[in-house]
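Below is upload.cif, which holds mmCIF, C-alpha atoms.
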data_protein
#
loop_
_atom_site.label_atom_id
_atom_site.label_comp_id
_atom_site.auth_asym_id
_atom_site.auth_seq_id
_atom_site.Cartn_x
_atom_site.Cartn_y
_atom_site.Cartn_z
CA MET A 1 -30.92 21.52 51.41
CA LEU A 2 -33.49 20.81 48.69
CA ARG A 3 -32.33 23.91 46.83
CA ASN A 4 -28.70 22.69 47.01
CA ARG A 5 -29.72 19.30 45.65
CA LEU A 6 -31.59 20.96 42.78
CA LYS A 7 -28.57 23.12 41.99
CA GLY A 8 -26.33 20.05 42.03
CA SER A 9 -28.66 18.21 39.68
CA ILE A 10 -28.72 21.15 37.30
CA PHE A 11 -24.91 21.38 37.25
CA ALA A 12 -24.61 17.59 36.76
CA GLY A 13 -27.11 17.69 33.93
CA ALA A 14 -25.29 20.53 32.24
CA ALA A 15 -21.97 18.72 32.55
CA LEU A 16 -23.49 15.59 31.06
CA LEU A 17 -24.79 17.57 28.09
CA LEU A 18 -21.25 18.79 27.45
CA VAL A 19 -19.74 15.31 27.67
CA LEU A 20 -22.36 13.37 25.69
CA PRO A 21 -21.31 14.60 22.21
CA ALA A 22 -17.76 13.32 22.79
CA ILE A 23 -19.07 9.96 24.04
CA PHE A 24 -21.38 9.56 21.06
CA ALA A 25 -18.58 10.56 18.66
CA GLN A 26 -16.32 7.86 20.07
CA THR A 27 -19.09 5.28 19.91
CA ALA A 28 -19.93 6.15 16.31
CA ASN A 29 -16.28 6.16 15.25
CA PRO A 30 -14.27 3.57 17.22
CA SER A 31 -11.08 4.52 15.35
CA LYS A 32 -11.13 7.83 17.22
CA ALA A 33 -11.84 6.20 20.53
CA ALA A 34 -8.64 4.13 20.50
CA ALA A 35 -5.17 4.69 19.14
CA ALA A 36 -4.38 3.05 15.81
CA PRO A 37 -2.09 -0.01 15.83
CA ASP A 38 1.59 0.89 15.50
CA LEU A 39 3.22 -0.10 12.18
CA THR A 40 6.12 2.33 12.39
CA GLY A 41 9.71 1.32 11.85
CA VAL A 42 12.14 0.23 9.14
CA TRP A 43 11.15 -3.05 7.50
CA LEU A 44 12.86 -5.42 5.04
CA ILE A 45 11.25 -8.22 3.04
CA ASP A 46 11.66 -11.77 4.30
CA ARG A 47 12.66 -13.09 0.88
CA PHE A 48 12.86 -11.74 -2.65
CA GLN A 49 10.05 -12.91 -4.93
CA PRO A 50 10.80 -11.77 -8.48
CA ALA A 51 7.73 -13.63 -9.79
CA LEU A 52 4.44 -13.43 -7.91
CA PHE A 53 3.28 -16.75 -9.38
CA PRO A 54 5.17 -19.90 -8.34
CA LYS A 55 7.17 -21.66 -11.05
CA GLY A 56 5.01 -24.06 -13.02
CA THR A 57 1.78 -22.13 -12.44
CA THR A 58 0.00 -19.95 -14.96
CA PRO A 59 -1.50 -16.56 -14.16
CA PRO A 60 -5.19 -16.20 -15.16
CA PHE A 61 -4.37 -14.07 -18.20
CA THR A 62 -6.80 -12.57 -20.65
CA PRO A 63 -5.54 -12.88 -24.26
CA TRP A 64 -4.23 -9.31 -24.02
CA GLY A 65 -2.48 -10.00 -20.74
CA GLU A 66 -0.81 -13.14 -22.05
CA ALA A 67 0.40 -11.36 -25.19
CA GLN A 68 1.92 -8.56 -23.10
CA PHE A 69 3.62 -11.00 -20.76
CA LYS A 70 5.24 -12.87 -23.65
CA LYS A 71 6.83 -9.61 -24.81
CA ALA A 72 8.25 -8.79 -21.36
CA ASP A 73 12.05 -8.94 -21.10
CA SER A 74 13.66 -7.67 -17.91
CA THR A 75 16.89 -6.90 -19.79
CA VAL A 76 15.21 -4.88 -22.53
CA ASN A 77 11.83 -3.37 -21.72
CA ASP A 78 11.50 -3.41 -17.93
CA PRO A 79 10.24 0.10 -17.02
CA ASN A 80 12.62 0.02 -14.06
CA LEU A 81 15.55 0.14 -16.50
CA ALA A 82 14.55 3.74 -17.19
CA CYS A 83 14.64 4.58 -13.47
CA LEU A 84 10.87 4.93 -13.32
CA PRO A 85 8.88 4.29 -10.13
CA HIS A 86 8.20 0.62 -9.47
CA GLY A 87 4.46 0.99 -9.01
CA VAL A 88 2.15 -0.99 -6.74
CA PRO A 89 2.34 -3.80 -5.82
CA ARG A 90 5.85 -4.26 -7.23
CA VAL A 91 7.44 -1.66 -4.95
CA MET A 92 6.33 -3.72 -1.95
CA PHE A 93 8.46 -6.66 -3.19
CA VAL A 94 11.73 -4.80 -3.79
CA PRO A 95 14.59 -6.22 -1.66
CA LEU A 96 15.42 -2.85 -0.12
CA PRO A 97 14.16 -1.44 3.19
CA MET A 98 11.12 0.78 3.67
CA GLU A 99 10.18 2.96 6.62
CA ILE A 100 6.59 3.41 7.79
CA PHE A 101 5.45 6.63 9.45
CA GLN A 102 2.00 7.31 10.92
CA VAL A 103 0.83 10.92 11.00
CA PRO A 104 -2.65 12.38 11.47
CA GLY A 105 -4.81 11.27 8.54
CA LYS A 106 -2.09 9.31 6.74
CA VAL A 107 0.20 6.32 6.77
CA LEU A 108 3.41 7.06 4.85
CA MET A 109 5.72 4.44 3.35
CA TYR A 110 9.15 5.73 2.41
CA GLN A 111 10.83 3.24 0.10
CA GLU A 112 14.60 3.22 -0.27
CA ALA A 113 14.02 1.88 -3.79
CA GLY A 114 13.93 5.05 -5.87
CA ASN A 115 13.35 7.07 -2.68
CA GLU A 116 9.64 6.69 -3.40
CA LEU A 117 6.93 7.85 -1.03
CA ARG A 118 3.54 6.13 -0.80
CA GLN A 119 0.77 8.13 0.85
CA ILE A 120 -2.15 6.16 2.27
CA HIS A 121 -4.98 8.57 3.08
CA LEU A 122 -7.13 7.64 6.07
CA ASP A 123 -9.46 10.63 6.00
CA ARG A 124 -10.84 10.78 2.47
CA ALA A 125 -12.25 8.71 -0.39
CA HIS A 126 -10.72 8.34 -3.85
CA PRO A 127 -11.12 11.50 -5.94
CA LYS A 128 -13.68 11.08 -8.71
CA ASP A 129 -11.37 12.12 -11.55
CA LEU A 130 -7.96 10.52 -11.08
CA ASP A 131 -5.03 11.06 -13.40
CA GLY A 132 -3.13 7.80 -13.76
CA THR A 133 0.09 7.66 -11.74
CA TYR A 134 2.77 5.04 -11.10
CA ASN A 135 1.74 4.21 -7.53
CA GLY A 136 -1.93 5.10 -7.90
CA ASP A 137 -4.15 6.68 -5.25
CA SER A 138 -4.25 4.85 -1.92
CA ILE A 139 -6.85 5.18 0.80
CA GLY A 140 -6.95 3.14 3.99
CA LYS A 141 -9.01 2.19 7.00
CA TRP A 142 -8.40 0.18 10.15
CA GLU A 143 -10.19 -3.11 10.69
CA GLY A 144 -9.07 -4.06 14.17
CA GLU A 145 -5.30 -4.55 14.02
CA THR A 146 -5.25 -4.59 10.19
CA LEU A 147 -4.72 -1.63 7.86
CA VAL A 148 -6.81 -2.21 4.73
CA VAL A 149 -5.42 -0.24 1.78
CA ASP A 150 -7.37 0.29 -1.44
CA THR A 151 -5.39 1.57 -4.45
CA ILE A 152 -6.66 2.59 -7.90
CA GLY A 153 -5.78 5.28 -10.46
CA PHE A 154 -2.72 3.75 -12.13
CA ASN A 155 -1.05 4.51 -15.42
CA GLU A 156 -0.21 1.54 -17.67
CA ILE A 157 3.58 1.81 -17.60
CA THR A 158 4.70 -0.30 -14.64
CA TRP A 159 4.85 -4.07 -14.17
CA VAL A 160 3.04 -5.88 -11.39
CA ASP A 161 6.16 -7.91 -10.50
CA HIS A 162 9.83 -8.19 -11.52
CA VAL A 163 9.33 -10.64 -14.39
CA GLY A 164 6.79 -8.72 -16.41
CA LEU A 165 3.22 -9.33 -15.23
CA PRO A 166 1.28 -6.60 -17.02
CA HIS A 167 -1.60 -4.41 -15.95
CA THR A 168 -3.83 -1.68 -17.35
CA ASP A 169 -5.37 1.49 -15.95
CA ALA A 170 -8.11 -0.76 -14.51
CA LEU A 171 -5.71 -2.24 -11.94
CA HIS A 172 -7.18 -2.40 -8.44
CA VAL A 173 -5.00 -3.50 -5.52
CA VAL A 174 -6.27 -4.20 -2.00
CA GLU A 175 -3.73 -4.76 0.79
CA ARG A 176 -4.31 -6.07 4.30
CA ILE A 177 -1.31 -5.04 6.40
CA HIS A 178 -0.94 -6.29 9.94
CA ARG A 179 1.75 -6.87 12.52
CA VAL A 180 1.95 -10.59 13.37
CA ASP A 181 4.28 -9.84 16.27
CA HIS A 182 6.60 -7.01 17.23
CA ASN A 183 9.24 -7.96 14.64
CA THR A 184 7.04 -9.29 11.82
CA LEU A 185 4.76 -7.47 9.37
CA VAL A 186 2.60 -9.18 6.72
CA ASP A 187 1.02 -7.59 3.64
CA ASP A 188 -1.64 -9.71 1.88
CA PHE A 189 -2.53 -8.52 -1.62
CA THR A 190 -5.61 -9.00 -3.79
CA ILE A 191 -4.92 -7.94 -7.37
CA GLU A 192 -7.69 -7.32 -9.87
CA ASP A 193 -7.52 -6.08 -13.46
CA PRO A 194 -10.29 -7.40 -15.73
CA LYS A 195 -8.44 -6.24 -18.85
CA ALA A 196 -5.33 -8.26 -18.02
CA TYR A 197 -6.64 -11.15 -15.85
CA THR A 198 -9.78 -13.25 -15.97
CA LYS A 199 -10.18 -13.23 -12.18
CA PRO A 200 -8.65 -11.59 -9.09
CA TRP A 201 -5.59 -13.28 -7.61
CA THR A 202 -3.60 -12.99 -4.41
CA ALA A 203 -0.02 -12.64 -3.22
CA SER A 204 1.67 -12.05 0.12
CA GLN A 205 4.88 -10.57 1.49
CA THR A 206 6.43 -10.76 4.96
CA TYR A 207 8.73 -8.10 6.39
CA HIS A 208 11.05 -8.06 9.39
CA LEU A 209 11.71 -5.08 11.64
CA LYS A 210 15.23 -3.65 11.39
CA PRO A 211 15.91 -1.57 14.54
CA GLY A 212 18.67 0.96 14.09
CA TRP A 213 18.45 0.94 10.29
CA GLU A 214 18.01 4.14 8.28
CA ILE A 215 16.83 4.64 4.72
CA ALA A 216 19.83 5.40 2.50
CA GLU A 217 20.06 7.61 -0.56
CA TYR A 218 19.21 5.71 -3.73
CA VAL A 219 20.56 6.71 -7.14
CA CYS A 220 19.47 5.19 -10.45
CA ASP A 221 21.54 6.07 -13.52
CA ASN A 222 20.08 3.76 -16.15
CA ASN A 223 18.36 6.49 -18.15
CA LYS A 224 20.36 5.45 -21.23
CA TYR A 225 17.87 2.58 -21.62
CA VAL A 226 14.80 3.13 -23.74
CA TYR A 227 11.88 0.90 -22.84
CA HIS A 228 8.95 2.58 -24.64
CA GLU A 229 7.64 0.74 -27.69
CA LYS A 230 7.79 2.74 -30.87
#

Give the structure from this file in structure tokens form.
Amino acid sequence: MLRNRLKGSIFAGAALLLVLPAIFAQTANPSKAAAAPDLTGVWLIDRFQPALFPKGTTPPFTPWGEAQFKKADSTVNDPNLACLPHGVPRVMFVPLPMEIFQVPGKVLMYQEAGNELRQIHLDRAHPKDLDGTYNGDSIGKWEGETLVVDTIGFNEITWVDHVGLPHTDALHVVERIHRVDHNTLVDDFTIEDPKAYTKPWTASQTYHLKPGWEIAEYVCDNNKYVYHEK
């Protein structure tokens, strides 16, 4: 009987040694221990905000930023007139639906506006040498029920909003995306660009779930417009 007990203890100990690495891995990385919150679905903004600063308020411009804003004219030099990508955060304020997909290592946002795809990488850091792009490079992590998205690596072509808020390649956008309830999604933005603004500032957008909706084909044919300064 003693020998059987010893054999049982040995087998139990061996089994524990096999299980412990998985337990420790889950303890060290809670995101792997539990499923990520579900943000999937087709979403539409609650209301259209062409300007991210309320009427009568003044953005904290640097002299350069203010000069650029004074030159902005949505009928003449809006980059969107040339069918270019909206950029971040502007694309998140377009009054067209977006669909969110969650796949291993990424959250994908497919925007009907321009049929643009945002990739939010959950399993890597920002590359050290980024070439500037319209939507930048986005990485994310989960903080409880909130997806925190950090985006850098922009070019200088896009506007921050629909009325001409400028930015430079130093733009840094942090989003905190969370589901308030089943039908409501909120994205809180912190926008920082020391070349264009004297301090970081915030904005927010609310989206509503649209069951049964599908993303439609989007065609932009305004390429006759020239927006680049000579």

Q: Provide the atom CA of A:Thr151 to atom CA of A:Ala35 distance in Å, to one decimal place.
A: 23.8 Å

Q: Select, from A:Thr198, A:Gln49, A:Gln102, A:Asn135, the residue with the minimum atom-to-atom distance to A:Ala36, counting only C-alpha atoms.
A: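 Of A:Thr198, A:Gln49, A:Gln102, A:Asn135, the one nearest A:Ala36, counting only C-alpha atoms, is A:Gln102.
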
Q: With only C-alpha atoms counted, which protein, DNA or RNA residues have an atom no more than 12 Å from (3.1, -5.7, -25.8) in the file frame? Please answer as a PyMOL selection string.
A: chain A and resi 63-73+77-78+156-157+159+164-168+196+227-230

Q: Find the residues with any atom within 10 Å of (-9.1, 13.0, 7.7); use all atoms listed in the file and the coordinates as given in the file, and write the answer as a ChimeraX atom specification.
A: /A:104-106,121-125

Run the PyMOL selection byres ((chain A and resi 119) around 7) mentally over the shown coordinates, then write out the matched residues as a compact mmCIF listing (two decimals) with C-alpha atoms, in the frame of the given file, using the chain letters and numbers from the document.
# COMPACT_ATOMS: atom_id res chain seq x y z
CA LYS A 106 -2.09 9.31 6.74
CA VAL A 107 0.20 6.32 6.77
CA LEU A 108 3.41 7.06 4.85
CA MET A 109 5.72 4.44 3.35
CA LEU A 117 6.93 7.85 -1.03
CA ARG A 118 3.54 6.13 -0.80
CA ILE A 120 -2.15 6.16 2.27
CA HIS A 121 -4.98 8.57 3.08
CA SER A 138 -4.25 4.85 -1.92

Q: Might you pull out every residue within 8 Å of A:Thr133, with all atoms listed in the file counted and same-chain residues fewer than 4 positions away left off, and present them as an MDAnalysis selection string?
A: chainID A and resid 137 153:155

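Matched in the shown structure by the PyMOL selection byres ((chain A and resi 84) around 10): Asp78, Pro79, Asn80, Leu81, Ala82, Cys83, Pro85, His86, Gly87, Gly114, Tyr134, Ile157, Thr158, Cys220, Asn222 and Asn223 of chain A.
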
**Q.** Selection under test: the PyMOL selection byres ((chain A and resi 210) around 12); residues as a list in words
**A.** Thr40, Gly41, Val42, Trp43, Leu44, Ile45, Asp46, Leu96, Pro97, Met98, Glu99, Ile100, His182, Asn183, Thr184, Leu185, Tyr207, His208, Leu209, Pro211, Gly212, Trp213, Glu214 and Ile215 of chain A

Q.
So, with all atoms listed in the file as the atoms that count, which of A:Val94, A:Val76, A:Ile139, A:Val88 lies closest to A:Phe48?
A.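 Smallest separation from A:Phe48 among the options: A:Val94.
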
Q: Select, from A:Pro37, A:Pro95, A:Pro50, A:Pro59, the residue with the minimum atom-to-atom distance to A:Thr202, counting all atoms listed in the file.
A: A:Pro59

**Q.** atom CA of A:Ser74 to atom CA of A:Val173, straight-line distance in Å
**A.**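 Distance between the two atoms: 22.8 Å.
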
Q. In Å to one decimal, how far is atom CA of A:Asp188 from atom CA of A:Phe61?
A.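 Result for atom CA of A:Phe61 versus atom CA of A:Asp188: 20.7 Å, one decimal.
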
I'd like the contact shell of A:Pro200 - 8 Å cut-off, all atoms listed in the file, skipping same-chain residues fewer than 6 positions apart - returned as a PDB file with C-alpha atoms, in the frame of the given file.
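See selection-v8.pdb below for the written result:
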ATOM      1  CA  THR A 190      -5.610  -9.000  -3.790  1.00  0.00           C
ATOM      2  CA  ILE A 191      -4.920  -7.940  -7.370  1.00  0.00           C
ATOM      3  CA  GLU A 192      -7.690  -7.320  -9.870  1.00  0.00           C
ATOM      4  CA  ASP A 193      -7.520  -6.080 -13.460  1.00  0.00           C
TER       5      ASP A 193
END
